[in-house]
Amino acid sequence: MTFAQFCMALLGALRRVLASPAFKAGIISVLTLFLLIPTVMVSSLVDERQFRARDVAEDIAAGWGRKQTVIGPVLVSYFIEEVPREETVNGEVRRRTERYRRWAVSLPRDLDIRAKIATEDRKLSLYSLPVYRADIRLTGHFAPMTADRVPPRHGGQVRASDEQPRVIASLSELRSVKSEILLVVDGGKPRAFEPGTAGTGLPGNTGYAINSTVTPAEATSGFGFEIPIVLNGSSAFHVAPMGRTTQVSLTSNWPHPGFAGGLLPDQREITADGFTASWSLPNLARGLPDVEFDGRLPFELGTLGVNLVQQVDLYQTIDRSVKYAIFFITLTFLAVFLIEMRAPGRVHWTQYGLTGLALVVFYVMLLALAEHVGYDIAYLAASTAVTLLIAIYIGLLVASRRAGLVMGLVLASVYGTLYLLMREEDYAMLVGSFIAFAAIAVTMFATRKLDWSGAGPEQDPVLNLDAGAMAEPRT
């Protein structure tokens with residue numbers, strides 16, 4: 001063999017390798033990996049829009065009211081512990097009395113919390129936030145708090161102080177309160193609450209507390225109370241089970257509640273017009289003693305309540321769908337490859353790249369449209385546009401209407417499956433594994449007679465996409 005013949009043979013072998021289905025499959029695999037780059041860019045775009053939505057939601061909440069948590073009330077009673085002391089000075093015995101300020105923080109014997117939460121969507125620019133006005137009523141009883149219930153700490157005698165006892169509660173933020181908060185004791189004349197805990201002499205940070213006074217006689221005999229509160233809030237409403245026995249009842253027109261906190265409601269009813277929920281908590285579930293002495297206000301107690309869940313968090317849903325992008329790009333390329341192997345036309349690797357970019361642009365269209373018309377309509381519009389574009393494009397490339405129809409059916413199945421995966425997150429892995437298995441199985445049987453080396457192509461009537469004679473597979 002001459003050198004020229006050797007070169008010609010080598011070139012012929014190289015052409016066969018470059019023209020082989022196996023080589024094209026390798027090129028498509030590399031191209032699929034390169035498409036991860038624009039996919040990551042789309043994911044970053046989704047994150048950016050999500051951060052923007054959160055910023056706007058924070059602006060709405062700042063103007064209307066943020067998440068509200070109502071804690072309390074508690075009764076703070078004051079006492080004096082007197083300790084007699086003797087000391088000898090120059091042989092003379094002198095007697096004096098040391099006095100220590102004491103206080104007792106009493107939790108309600110029983111507490112009933114009822115709230116009607118009227119909600120609406122507030123929009124700013126493209127974004128919205130569920131906000132509400134809550135009409136709250138706290139009722140209950142405080143047990144008598146007398147000096148004989150206060151254990152001495154210094155070995156002295158405890159007596160009642162002249163300081164007026166205080167009823168103290170805490171809210172998340174006071175500027176969202178929409179009416180004066182009043183304390184009604186045993187059905188008597190309402191008494192106004194004042195902001196903060198100035199003058200109470202209590203240690204530590206009491207947050208956004210409010211306080212009102214009662215008489216020493218009322219504190220020592222026990223009393224019933226009623227506290228009406230009207231306030232604005234957004235996203236969530238929580239309360240703390242402060243009573244020895246606590247009953248909580250929430251009613252709202254929001255149809256998508258997310259119950260949160262340490263305990264789920266004992267009873268609940270959710271309809272398209274809203275929900276009702278109720279809790280009943282005994283003392284053991286509260287986890288606090290009836291009275292604490294000389295301590296901080298127990299305003300760090302666990303809470304329960306409801307989050308106003310938006311039915312479709314489109315940014316979270318789109319972000320999850322982007323994570324499946326490489327999977328569906330692979331399925332689409334696999335379908336195009338199988339169609340090409342049995343169709344009269346051929347698809348260049350550049351055209352595979354354009355097809356892949358169209359699949360990536362789907363997510364950009366979905367994000368842009370969803371911010372205006374909602375997720376469902378946006379998904380239908382974006383998936384239909386991309387499906388028609390790629391189906392027509394592939395049909396023209398391989399010169400086969402039937403190939404275009406098959407491509408359209410494949411893409412419709414792919415996008416339909418993706419939609420179901422986003423709706424049924426709990427079953428996403430299960431469904432995805434079955435789809436992957438089915439794709440591998442179809443590929444194995446569809447290519448069982450394919451000559452991957454390109455040396456001797458065979459025909460497979462099962463994959464014949466045209467009515468005429470089967471064309472020789474080409475790249």
# chains A, B, ... in the order shown; residues from 1 in each chain; ligands from 1
$ select_by_dssp --residues "segment 123-233 of chain A" --states "strand (DSSP E or B)" --output "PyMOL selection string"
chain A and resi 123-124+127-142+157-160+166-170+177+182-185+191-192+194-195+209-213+223-233
$ write_last_selection --atoms "C-alpha atoms" --output "compact mmCIF listing (two decimals), in the first residue's frame"
# COMPACT_ATOMS: atom_id res chain seq x y z
CA LYS A 123 -50.52 44.83 44.95
CA LEU A 124 -47.51 46.99 44.25
CA TYR A 127 -46.26 41.78 43.02
CA SER A 128 -48.86 41.17 45.70
CA LEU A 129 -48.98 40.27 49.38
CA PRO A 130 -51.88 38.89 51.44
CA VAL A 131 -52.71 41.42 54.17
CA TYR A 132 -55.42 41.39 56.81
CA ARG A 133 -57.24 43.30 59.50
CA ALA A 134 -57.75 41.20 62.61
CA ASP A 135 -60.58 41.83 65.07
CA ILE A 136 -59.33 40.09 68.23
CA ARG A 137 -61.02 39.56 71.58
CA LEU A 138 -59.15 38.20 74.61
CA THR A 139 -61.29 37.10 77.57
CA GLY A 140 -60.46 35.15 80.70
CA HIS A 141 -59.84 35.24 84.46
CA PHE A 142 -56.91 35.82 86.76
CA GLN A 157 -42.31 38.44 105.86
CA VAL A 158 -44.03 39.29 102.57
CA ARG A 159 -46.74 41.93 102.35
CA ALA A 160 -48.52 43.69 99.51
CA ARG A 166 -50.36 45.81 85.99
CA VAL A 167 -51.94 43.81 83.19
CA ILE A 168 -49.32 43.50 80.46
CA ALA A 169 -49.54 42.07 76.92
CA SER A 170 -47.25 42.12 73.90
CA VAL A 177 -52.93 48.86 65.92
CA LEU A 182 -58.91 48.79 76.34
CA LEU A 183 -59.02 46.62 79.43
CA VAL A 184 -62.46 45.79 80.83
CA VAL A 185 -62.34 44.33 84.35
CA ARG A 191 -59.29 51.32 81.01
CA ALA A 192 -56.79 52.32 78.34
CA GLU A 194 -50.36 52.48 77.52
CA PRO A 195 -47.36 51.57 75.34
CA ALA A 209 -45.47 45.60 75.34
CA ILE A 210 -48.57 47.44 76.48
CA ASN A 211 -49.79 47.82 80.06
CA SER A 212 -52.81 48.89 82.04
CA THR A 213 -53.40 49.12 85.80
CA PHE A 223 -61.01 39.23 88.31
CA GLY A 224 -62.33 38.58 84.85
CA PHE A 225 -61.05 40.59 81.91
CA GLU A 226 -61.85 41.42 78.31
CA ILE A 227 -59.40 43.01 75.87
CA PRO A 228 -60.55 43.94 72.35
CA ILE A 229 -57.79 44.58 69.78
CA VAL A 230 -58.02 45.62 66.13
CA LEU A 231 -54.78 45.57 64.15
CA ASN A 232 -53.36 45.22 60.67
CA GLY A 233 -50.93 42.52 59.62
$ residues_around --residues "segment 440-444 of chain A" --least-positions-apart "6" --cutoff "12 Å" --atoms "only C-alpha atoms" --output "mmCIF file with all heavy atoms, in the first residue's frame"
data_model
loop_
_atom_site.group_PDB
_atom_site.id
_atom_site.type_symbol
_atom_site.label_atom_id
_atom_site.label_comp_id
_atom_site.auth_asym_id
_atom_site.auth_seq_id
_atom_site.Cartn_x
_atom_site.Cartn_y
_atom_site.Cartn_z
ATOM 1 N N THR A 330 -32.366 16.490 27.698
ATOM 2 C CA THR A 330 -31.872 15.165 27.280
ATOM 3 C C THR A 330 -32.967 14.365 26.599
ATOM 4 O O THR A 330 -32.735 13.739 25.549
ATOM 5 C CB THR A 330 -31.334 14.405 28.505
ATOM 6 O OG1 THR A 330 -30.297 15.167 29.117
ATOM 7 C CG2 THR A 330 -30.788 13.045 28.099
ATOM 8 N N LEU A 331 -34.175 14.356 27.166
ATOM 9 C CA LEU A 331 -35.291 13.616 26.555
ATOM 10 C C LEU A 331 -35.616 14.166 25.171
ATOM 11 O O LEU A 331 -35.869 13.397 24.225
ATOM 12 C CB LEU A 331 -36.527 13.702 27.449
ATOM 13 C CG LEU A 331 -36.542 12.843 28.713
ATOM 14 C CD1 LEU A 331 -37.842 13.066 29.480
ATOM 15 C CD2 LEU A 331 -36.403 11.367 28.361
ATOM 16 N N PHE A 333 -33.583 15.894 23.072
ATOM 17 C CA PHE A 333 -32.503 15.544 22.141
ATOM 18 C C PHE A 333 -32.569 14.069 21.761
ATOM 19 O O PHE A 333 -32.293 13.696 20.611
ATOM 20 C CB PHE A 333 -31.155 15.853 22.786
ATOM 21 C CG PHE A 333 -30.774 17.306 22.729
ATOM 22 C CD1 PHE A 333 -31.610 18.240 22.127
ATOM 23 C CD2 PHE A 333 -29.585 17.752 23.269
ATOM 24 C CE1 PHE A 333 -31.258 19.568 22.061
ATOM 25 C CE2 PHE A 333 -29.220 19.087 23.202
ATOM 26 C CZ PHE A 333 -30.069 19.999 22.600
ATOM 27 N N LEU A 334 -32.915 13.227 22.709
ATOM 28 C CA LEU A 334 -33.028 11.803 22.417
ATOM 29 C C LEU A 334 -34.126 11.540 21.400
ATOM 30 O O LEU A 334 -33.949 10.744 20.460
ATOM 31 C CB LEU A 334 -33.323 11.044 23.721
ATOM 32 C CG LEU A 334 -33.423 9.517 23.620
ATOM 33 C CD1 LEU A 334 -32.127 8.928 23.096
ATOM 34 C CD2 LEU A 334 -33.778 8.925 24.982
ATOM 35 N N ALA A 335 -35.255 12.253 21.547
ATOM 36 C CA ALA A 335 -36.345 12.094 20.586
ATOM 37 C C ALA A 335 -35.925 12.582 19.198
ATOM 38 O O ALA A 335 -36.199 11.921 18.178
ATOM 39 C CB ALA A 335 -37.577 12.861 21.071
ATOM 40 N N VAL A 336 -35.239 13.736 19.144
ATOM 41 C CA VAL A 336 -34.772 14.255 17.856
ATOM 42 C C VAL A 336 -33.785 13.277 17.214
ATOM 43 O O VAL A 336 -33.833 13.015 15.991
ATOM 44 C CB VAL A 336 -34.125 15.638 18.034
ATOM 45 C CG1 VAL A 336 -33.525 16.125 16.713
ATOM 46 C CG2 VAL A 336 -35.148 16.648 18.546
ATOM 47 N N PHE A 337 -32.896 12.717 18.001
ATOM 48 C CA PHE A 337 -31.895 11.774 17.483
ATOM 49 C C PHE A 337 -32.548 10.535 16.888
ATOM 50 O O PHE A 337 -32.194 10.083 15.788
ATOM 51 C CB PHE A 337 -30.948 11.392 18.616
ATOM 52 C CG PHE A 337 -29.887 10.410 18.218
ATOM 53 C CD1 PHE A 337 -28.783 10.819 17.480
ATOM 54 C CD2 PHE A 337 -29.996 9.069 18.552
ATOM 55 C CE1 PHE A 337 -27.805 9.915 17.102
ATOM 56 C CE2 PHE A 337 -29.030 8.158 18.180
ATOM 57 C CZ PHE A 337 -27.919 8.577 17.457
ATOM 58 N N LEU A 338 -33.528 9.974 17.581
ATOM 59 C CA LEU A 338 -34.209 8.778 17.078
ATOM 60 C C LEU A 338 -34.993 9.076 15.807
ATOM 61 O O LEU A 338 -35.026 8.267 14.870
ATOM 62 C CB LEU A 338 -35.140 8.221 18.155
ATOM 63 C CG LEU A 338 -34.459 7.660 19.408
ATOM 64 C CD1 LEU A 338 -35.504 7.201 20.420
ATOM 65 C CD2 LEU A 338 -33.526 6.511 19.041
ATOM 66 N N ILE A 339 -35.629 10.269 15.782
ATOM 67 C CA ILE A 339 -36.368 10.653 14.572
ATOM 68 C C ILE A 339 -35.406 10.827 13.406
ATOM 69 O O ILE A 339 -35.664 10.373 12.278
ATOM 70 C CB ILE A 339 -37.156 11.955 14.834
ATOM 71 C CG1 ILE A 339 -38.329 11.677 15.781
ATOM 72 C CG2 ILE A 339 -37.662 12.559 13.526
ATOM 73 C CD1 ILE A 339 -39.055 12.921 16.229
ATOM 74 N N MET A 341 -32.537 9.440 12.845
ATOM 75 C CA MET A 341 -31.961 8.186 12.378
ATOM 76 C C MET A 341 -32.860 7.454 11.390
ATOM 77 O O MET A 341 -32.382 6.620 10.611
ATOM 78 C CB MET A 341 -31.670 7.258 13.571
ATOM 79 C CG MET A 341 -30.537 7.727 14.483
ATOM 80 S SD MET A 341 -28.920 7.825 13.645
ATOM 81 C CE MET A 341 -28.806 9.587 13.341
ATOM 82 N N SER A 433 -38.302 8.940 38.050
ATOM 83 C CA SER A 433 -37.578 7.675 37.865
ATOM 84 C C SER A 433 -38.264 6.789 36.828
ATOM 85 O O SER A 433 -37.599 6.144 36.016
ATOM 86 C CB SER A 433 -37.456 6.949 39.200
ATOM 87 O OG SER A 433 -38.740 6.585 39.699
ATOM 88 N N PHE A 434 -39.594 6.770 36.831
ATOM 89 C CA PHE A 434 -40.319 5.974 35.840
ATOM 90 C C PHE A 434 -40.125 6.543 34.431
ATOM 91 O O PHE A 434 -39.996 5.785 33.463
ATOM 92 C CB PHE A 434 -41.814 5.923 36.182
ATOM 93 C CG PHE A 434 -42.153 4.910 37.237
ATOM 94 C CD1 PHE A 434 -42.661 5.307 38.447
ATOM 95 C CD2 PHE A 434 -41.952 3.551 37.012
ATOM 96 C CE1 PHE A 434 -42.971 4.379 39.434
ATOM 97 C CE2 PHE A 434 -42.266 2.621 37.989
ATOM 98 C CZ PHE A 434 -42.773 3.024 39.200
ATOM 99 N N LEU A 450 -29.762 -0.478 14.985
ATOM 100 C CA LEU A 450 -29.009 0.648 14.457
ATOM 101 C C LEU A 450 -27.517 0.328 14.464
ATOM 102 O O LEU A 450 -26.973 -0.158 15.467
ATOM 103 C CB LEU A 450 -29.279 1.896 15.305
ATOM 104 C CG LEU A 450 -28.574 3.180 14.869
ATOM 105 C CD1 LEU A 450 -29.065 3.639 13.509
ATOM 106 C CD2 LEU A 450 -28.801 4.281 15.908
ATOM 107 N N VAL A 462 -40.375 -0.596 12.400
ATOM 108 C CA VAL A 462 -41.134 -0.075 13.537
ATOM 109 C C VAL A 462 -41.003 1.431 13.636
ATOM 110 O O VAL A 462 -41.921 2.150 14.034
ATOM 111 C CB VAL A 462 -40.657 -0.750 14.846
ATOM 112 C CG1 VAL A 462 -41.380 -0.149 16.047
ATOM 113 C CG2 VAL A 462 -40.899 -2.238 14.782
ATOM 114 N N LEU A 463 -39.798 1.961 13.253
ATOM 115 C CA LEU A 463 -39.533 3.389 13.386
ATOM 116 C C LEU A 463 -39.748 4.152 12.092
ATOM 117 O O LEU A 463 -39.344 5.304 11.977
ATOM 118 C CB LEU A 463 -38.095 3.621 13.872
ATOM 119 C CG LEU A 463 -37.794 3.135 15.287
ATOM 120 C CD1 LEU A 463 -36.338 3.371 15.608
ATOM 121 C CD2 LEU A 463 -38.679 3.849 16.283
#
$ residues_around --residues "Val83 of chain A" --least-positions-apart "6" --cutoff "10 Å" --atoms "only C-alpha atoms" --output "PyMOL selection string"
chain A and resi 96-100+152-158
$ atom_distance --atom1 "atom CA of Thr276 of chain A" --atom2 "atom CA of Ser249 of chain A"
7.4 Å
$ select_by_dssp --residues "segment 156-332 of chain A" --states "alpha helix (DSSP H)" --output "NGL selection string"
:A and (216-221 or 283-286 or 314-323 or 325-332)
$ write_last_selection --atoms "N, CA, C and O atoms" --output "JSON list (two decimals), in the first residue's frame"
[["chain", "number", "residue", "atom", "x", "y", "z"],
["A", 216, "PRO", "N", -55.18, 47.10, 93.72],
["A", 216, "PRO", "CA", -54.71, 45.98, 94.54],
["A", 216, "PRO", "C", -55.84, 45.07, 94.99],
["A", 216, "PRO", "O", -55.65, 43.85, 95.10],
["A", 217, "ALA", "N", -57.01, 45.64, 95.24],
["A", 217, "ALA", "CA", -58.14, 44.81, 95.67],
["A", 217, "ALA", "C", -58.57, 43.85, 94.57],
["A", 217, "ALA", "O", -58.91, 42.69, 94.83],
["A", 218, "GLU", "N", -58.55, 44.32, 93.34],
["A", 218, "GLU", "CA", -58.92, 43.43, 92.22],
["A", 218, "GLU", "C", -57.90, 42.32, 92.06],
["A", 218, "GLU", "O", -58.25, 41.16, 91.80],
["A", 219, "ALA", "N", -56.63, 42.65, 92.23],
["A", 219, "ALA", "CA", -55.59, 41.62, 92.08],
["A", 219, "ALA", "C", -55.67, 40.58, 93.18],
["A", 219, "ALA", "O", -55.47, 39.39, 92.95],
["A", 220, "THR", "N", -55.96, 41.01, 94.42],
["A", 220, "THR", "CA", -56.00, 40.05, 95.52],
["A", 220, "THR", "C", -57.26, 39.21, 95.53],
["A", 220, "THR", "O", -57.28, 38.12, 96.11],
["A", 221, "SER", "N", -58.31, 39.67, 94.89],
["A", 221, "SER", "CA", -59.55, 38.89, 94.86],
["A", 221, "SER", "C", -59.75, 38.13, 93.56],
["A", 221, "SER", "O", -60.61, 37.27, 93.46],
["A", 283, "ASN", "N", -53.04, 22.95, 80.63],
["A", 283, "ASN", "CA", -51.89, 23.55, 81.29],
["A", 283, "ASN", "C", -50.59, 22.87, 80.89],
["A", 283, "ASN", "O", -49.57, 23.53, 80.68],
["A", 284, "LEU", "N", -50.59, 21.53, 80.79],
["A", 284, "LEU", "CA", -49.35, 20.82, 80.47],
["A", 284, "LEU", "C", -48.82, 21.21, 79.10],
["A", 284, "LEU", "O", -47.61, 21.26, 78.88],
["A", 285, "ALA", "N", -49.71, 21.48, 78.17],
["A", 285, "ALA", "CA", -49.27, 21.88, 76.83],
["A", 285, "ALA", "C", -48.64, 23.27, 76.85],
["A", 285, "ALA", "O", -47.76, 23.57, 76.04],
["A", 286, "ARG", "N", -49.05, 24.10, 77.80],
["A", 286, "ARG", "CA", -48.46, 25.44, 77.91],
["A", 286, "ARG", "C", -47.01, 25.37, 78.39],
["A", 286, "ARG", "O", -46.15, 26.10, 77.92],
["A", 314, "LEU", "N", -45.01, 31.20, 42.55],
["A", 314, "LEU", "CA", -44.54, 30.95, 41.19],
["A", 314, "LEU", "C", -43.02, 30.91, 41.10],
["A", 314, "LEU", "O", -42.46, 30.15, 40.31],
["A", 315, "TYR", "N", -42.31, 31.70, 41.92],
["A", 315, "TYR", "CA", -40.85, 31.70, 41.84],
["A", 315, "TYR", "C", -40.28, 30.37, 42.34],
["A", 315, "TYR", "O", -39.36, 29.82, 41.75],
["A", 316, "GLN", "N", -40.85, 29.88, 43.42],
["A", 316, "GLN", "CA", -40.39, 28.59, 43.93],
["A", 316, "GLN", "C", -40.70, 27.48, 42.95],
["A", 316, "GLN", "O", -39.90, 26.57, 42.72],
["A", 317, "THR", "N", -41.89, 27.54, 42.34],
["A", 317, "THR", "CA", -42.30, 26.51, 41.38],
["A", 317, "THR", "C", -41.42, 26.55, 40.13],
["A", 317, "THR", "O", -40.98, 25.50, 39.63],
["A", 318, "ILE", "N", -41.16, 27.74, 39.61],
["A", 318, "ILE", "CA", -40.31, 27.86, 38.42],
["A", 318, "ILE", "C", -38.90, 27.43, 38.72],
["A", 318, "ILE", "O", -38.25, 26.75, 37.92],
["A", 319, "ASP", "N", -38.39, 27.79, 39.91],
["A", 319, "ASP", "CA", -37.04, 27.37, 40.29],
["A", 319, "ASP", "C", -36.94, 25.85, 40.35],
["A", 319, "ASP", "O", -35.93, 25.27, 39.93],
["A", 320, "ARG", "N", -37.98, 25.19, 40.86],
["A", 320, "ARG", "CA", -37.96, 23.73, 40.89],
["A", 320, "ARG", "C", -37.99, 23.16, 39.48],
["A", 320, "ARG", "O", -37.32, 22.17, 39.19],
["A", 321, "SER", "N", -38.76, 23.78, 38.58],
["A", 321, "SER", "CA", -38.85, 23.26, 37.22],
["A", 321, "SER", "C", -37.52, 23.42, 36.49],
["A", 321, "SER", "O", -37.15, 22.58, 35.66],
["A", 322, "VAL", "N", -36.77, 24.51, 36.79],
["A", 322, "VAL", "CA", -35.47, 24.71, 36.14],
["A", 322, "VAL", "C", -34.51, 23.58, 36.53],
["A", 322, "VAL", "O", -33.65, 23.18, 35.73],
["A", 323, "LYS", "N", -34.65, 23.06, 37.73],
["A", 323, "LYS", "CA", -33.78, 21.96, 38.17],
["A", 323, "LYS", "C", -33.98, 20.71, 37.32],
["A", 323, "LYS", "O", -33.12, 19.83, 37.29],
["A", 325, "ALA", "N", -34.45, 20.93, 34.08],
["A", 325, "ALA", "CA", -34.21, 21.33, 32.69],
["A", 325, "ALA", "C", -33.29, 20.36, 31.96],
["A", 325, "ALA", "O", -33.57, 19.95, 30.82],
["A", 326, "ILE", "N", -32.19, 19.96, 32.59],
["A", 326, "ILE", "CA", -31.24, 19.08, 31.91],
["A", 326, "ILE", "C", -31.88, 17.74, 31.59],
["A", 326, "ILE", "O", -31.60, 17.12, 30.55],
["A", 327, "PHE", "N", -32.77, 17.30, 32.46],
["A", 327, "PHE", "CA", -33.47, 16.03, 32.23],
["A", 327, "PHE", "C", -34.35, 16.11, 30.98],
["A", 327, "PHE", "O", -34.35, 15.22, 30.14],
["A", 328, "PHE", "N", -35.08, 17.22, 30.85],
["A", 328, "PHE", "CA", -35.99, 17.34, 29.72],
["A", 328, "PHE", "C", -35.26, 17.74, 28.43],
["A", 328, "PHE", "O", -35.72, 17.41, 27.34],
["A", 329, "ILE", "N", -34.15, 18.43, 28.54],
["A", 329, "ILE", "CA", -33.33, 18.68, 27.34],
["A", 329, "ILE", "C", -32.80, 17.35, 26.80],
["A", 329, "ILE", "O", -32.82, 17.11, 25.58],
["A", 330, "THR", "N", -32.37, 16.49, 27.70],
["A", 330, "THR", "CA", -31.87, 15.16, 27.28],
["A", 330, "THR", "C", -32.97, 14.36, 26.60],
["A", 330, "THR", "O", -32.73, 13.74, 25.55],
["A", 331, "LEU", "N", -34.18, 14.36, 27.17],
["A", 331, "LEU", "CA", -35.29, 13.62, 26.55],
["A", 331, "LEU", "C", -35.62, 14.17, 25.17],
["A", 331, "LEU", "O", -35.87, 13.40, 24.23],
["A", 332, "THR", "N", -35.61, 15.50, 25.03],
["A", 332, "THR", "CA", -35.93, 16.10, 23.74],
["A", 332, "THR", "C", -34.86, 15.77, 22.71],
["A", 332, "THR", "O", -35.18, 15.40, 21.56]]
$ closest_residue --among "A:Gly188, A:Gly26, A:Gly302, A:Pro151" --to "Ala240 of chain A" --atoms "only C-alpha atoms"
A:Gly302
$ closest_residue --among "A:Ser172, A:Thr2, A:Thr119, A:Ser179" --to "Thr251 of chain A" --atoms "only C-alpha atoms"
A:Thr119
$ closest_residue --among "A:Gln50, A:Ser106, A:Gln68, A:Ser29" --to "Val291 of chain A" --atoms "only C-alpha atoms"
A:Ser106
$ closest_residue --among "A:Ile392, A:Val373, A:Leu409, A:Leu288" --to "Pro108 of chain A" --atoms "only C-alpha atoms"
A:Leu288
$ atom_distance --atom1 "atom CA of Gln310 of chain A" --atom2 "atom CA of Lys116 of chain A"
19.1 Å
$ residues_around --residues "Ile270 of chain A" --least-positions-apart "5" --cutoff "8 Å" --atoms "only C-alpha atoms" --output "NGL selection string"
:A and (255-256 or 275-276)
$ closest_residue --among "A:Ala438, A:Leu366, A:Ala399, A:Leu297" --to "Thr384 of chain A" --atoms "only C-alpha atoms"
A:Leu366
$ residues_around --residues "Ile71 of chain A" --least-positions-apart "4" --cutoff "9 Å" --atoms "only C-alpha atoms" --output "list in words"
Ala169, Ser170, Leu171, Ser172, His238, Val239, Ala240, Pro241, Met242, Pro298, Phe299, Glu300, Leu301 and Thr303 of chain A
$ write_last_selection --atoms "N, CA, C and O atoms" --output "PDB file, in the first residue's frame"
ATOM      1  N   ALA A 169     -49.489  42.932  78.100  1.00  0.00           N
ATOM      2  CA  ALA A 169     -49.545  42.068  76.918  1.00  0.00           C
ATOM      3  C   ALA A 169     -48.475  42.546  75.939  1.00  0.00           C
ATOM      4  O   ALA A 169     -47.857  43.602  76.125  1.00  0.00           O
ATOM      5  N   SER A 170     -48.279  41.775  74.880  1.00  0.00           N
ATOM      6  CA  SER A 170     -47.249  42.122  73.899  1.00  0.00           C
ATOM      7  C   SER A 170     -47.782  41.894  72.492  1.00  0.00           C
ATOM      8  O   SER A 170     -48.468  40.891  72.223  1.00  0.00           O
ATOM      9  N   LEU A 171     -47.471  42.833  71.607  1.00  0.00           N
ATOM     10  CA  LEU A 171     -47.805  42.732  70.183  1.00  0.00           C
ATOM     11  C   LEU A 171     -46.521  42.810  69.372  1.00  0.00           C
ATOM     12  O   LEU A 171     -45.503  43.312  69.839  1.00  0.00           O
ATOM     13  N   SER A 172     -46.580  42.332  68.133  1.00  0.00           N
ATOM     14  CA  SER A 172     -45.384  42.352  67.283  1.00  0.00           C
ATOM     15  C   SER A 172     -44.952  43.771  66.949  1.00  0.00           C
ATOM     16  O   SER A 172     -43.771  44.085  66.921  1.00  0.00           O
ATOM     17  N   HIS A 238     -50.329  34.901  64.694  1.00  0.00           N
ATOM     18  CA  HIS A 238     -50.045  33.918  65.723  1.00  0.00           C
ATOM     19  C   HIS A 238     -50.464  34.451  67.090  1.00  0.00           C
ATOM     20  O   HIS A 238     -50.479  35.673  67.323  1.00  0.00           O
ATOM     21  N   VAL A 239     -50.785  33.536  67.999  1.00  0.00           N
ATOM     22  CA  VAL A 239     -51.099  33.881  69.381  1.00  0.00           C
ATOM     23  C   VAL A 239     -50.351  32.914  70.295  1.00  0.00           C
ATOM     24  O   VAL A 239     -49.892  31.845  69.857  1.00  0.00           O
ATOM     25  N   ALA A 240     -50.237  33.294  71.561  1.00  0.00           N
ATOM     26  CA  ALA A 240     -49.560  32.443  72.538  1.00  0.00           C
ATOM     27  C   ALA A 240     -50.589  31.891  73.516  1.00  0.00           C
ATOM     28  O   ALA A 240     -51.433  32.635  74.027  1.00  0.00           O
ATOM     29  N   PRO A 241     -50.555  30.594  73.800  1.00  0.00           N
ATOM     30  CA  PRO A 241     -51.499  29.976  74.747  1.00  0.00           C
ATOM     31  C   PRO A 241     -51.068  30.245  76.183  1.00  0.00           C
ATOM     32  O   PRO A 241     -50.436  29.416  76.837  1.00  0.00           O
ATOM     33  N   MET A 242     -51.426  31.396  76.733  1.00  0.00           N
ATOM     34  CA  MET A 242     -50.935  31.816  78.047  1.00  0.00           C
ATOM     35  C   MET A 242     -51.758  31.265  79.195  1.00  0.00           C
ATOM     36  O   MET A 242     -51.295  31.244  80.337  1.00  0.00           O
ATOM     37  N   PRO A 298     -42.935  36.286  80.567  1.00  0.00           N
ATOM     38  CA  PRO A 298     -42.816  35.068  79.743  1.00  0.00           C
ATOM     39  C   PRO A 298     -43.303  35.297  78.312  1.00  0.00           C
ATOM     40  O   PRO A 298     -44.243  34.654  77.853  1.00  0.00           O
ATOM     41  N   PHE A 299     -42.641  36.227  77.610  1.00  0.00           N
ATOM     42  CA  PHE A 299     -43.091  36.591  76.266  1.00  0.00           C
ATOM     43  C   PHE A 299     -42.322  35.853  75.176  1.00  0.00           C
ATOM     44  O   PHE A 299     -42.413  36.208  74.001  1.00  0.00           O
ATOM     45  N   GLU A 300     -41.548  34.847  75.559  1.00  0.00           N
ATOM     46  CA  GLU A 300     -40.852  34.035  74.564  1.00  0.00           C
ATOM     47  C   GLU A 300     -41.498  32.657  74.447  1.00  0.00           C
ATOM     48  O   GLU A 300     -40.884  31.704  73.974  1.00  0.00           O
ATOM     49  N   LEU A 301     -42.742  32.578  74.873  1.00  0.00           N
ATOM     50  CA  LEU A 301     -43.478  31.322  74.808  1.00  0.00           C
ATOM     51  C   LEU A 301     -43.761  30.955  73.349  1.00  0.00           C
ATOM     52  O   LEU A 301     -43.935  31.824  72.494  1.00  0.00           O
ATOM     53  N   THR A 303     -45.761  29.848  70.057  1.00  0.00           N
ATOM     54  CA  THR A 303     -47.047  30.342  69.569  1.00  0.00           C
ATOM     55  C   THR A 303     -47.686  29.338  68.621  1.00  0.00           C
ATOM     56  O   THR A 303     -47.061  28.378  68.176  1.00  0.00           O
TER      57      THR A 303
END
$ closest_residue --among "A:Pro144, A:Glu87, A:Phe193, A:Leu35" --to "Ile181 of chain A" --atoms "only C-alpha atoms"
A:Phe193
$ residues_around --residues "Arg268 of chain A" --least-positions-apart "6" --cutoff "12 Å" --atoms "only C-alpha atoms" --output "PyMOL selection string"
chain A and resi 248-252+257-259+274-279+306
$ atom_distance --atom1 "atom CA of Ala391 of chain A" --atom2 "atom CA of Ser44 of chain A"
28.5 Å
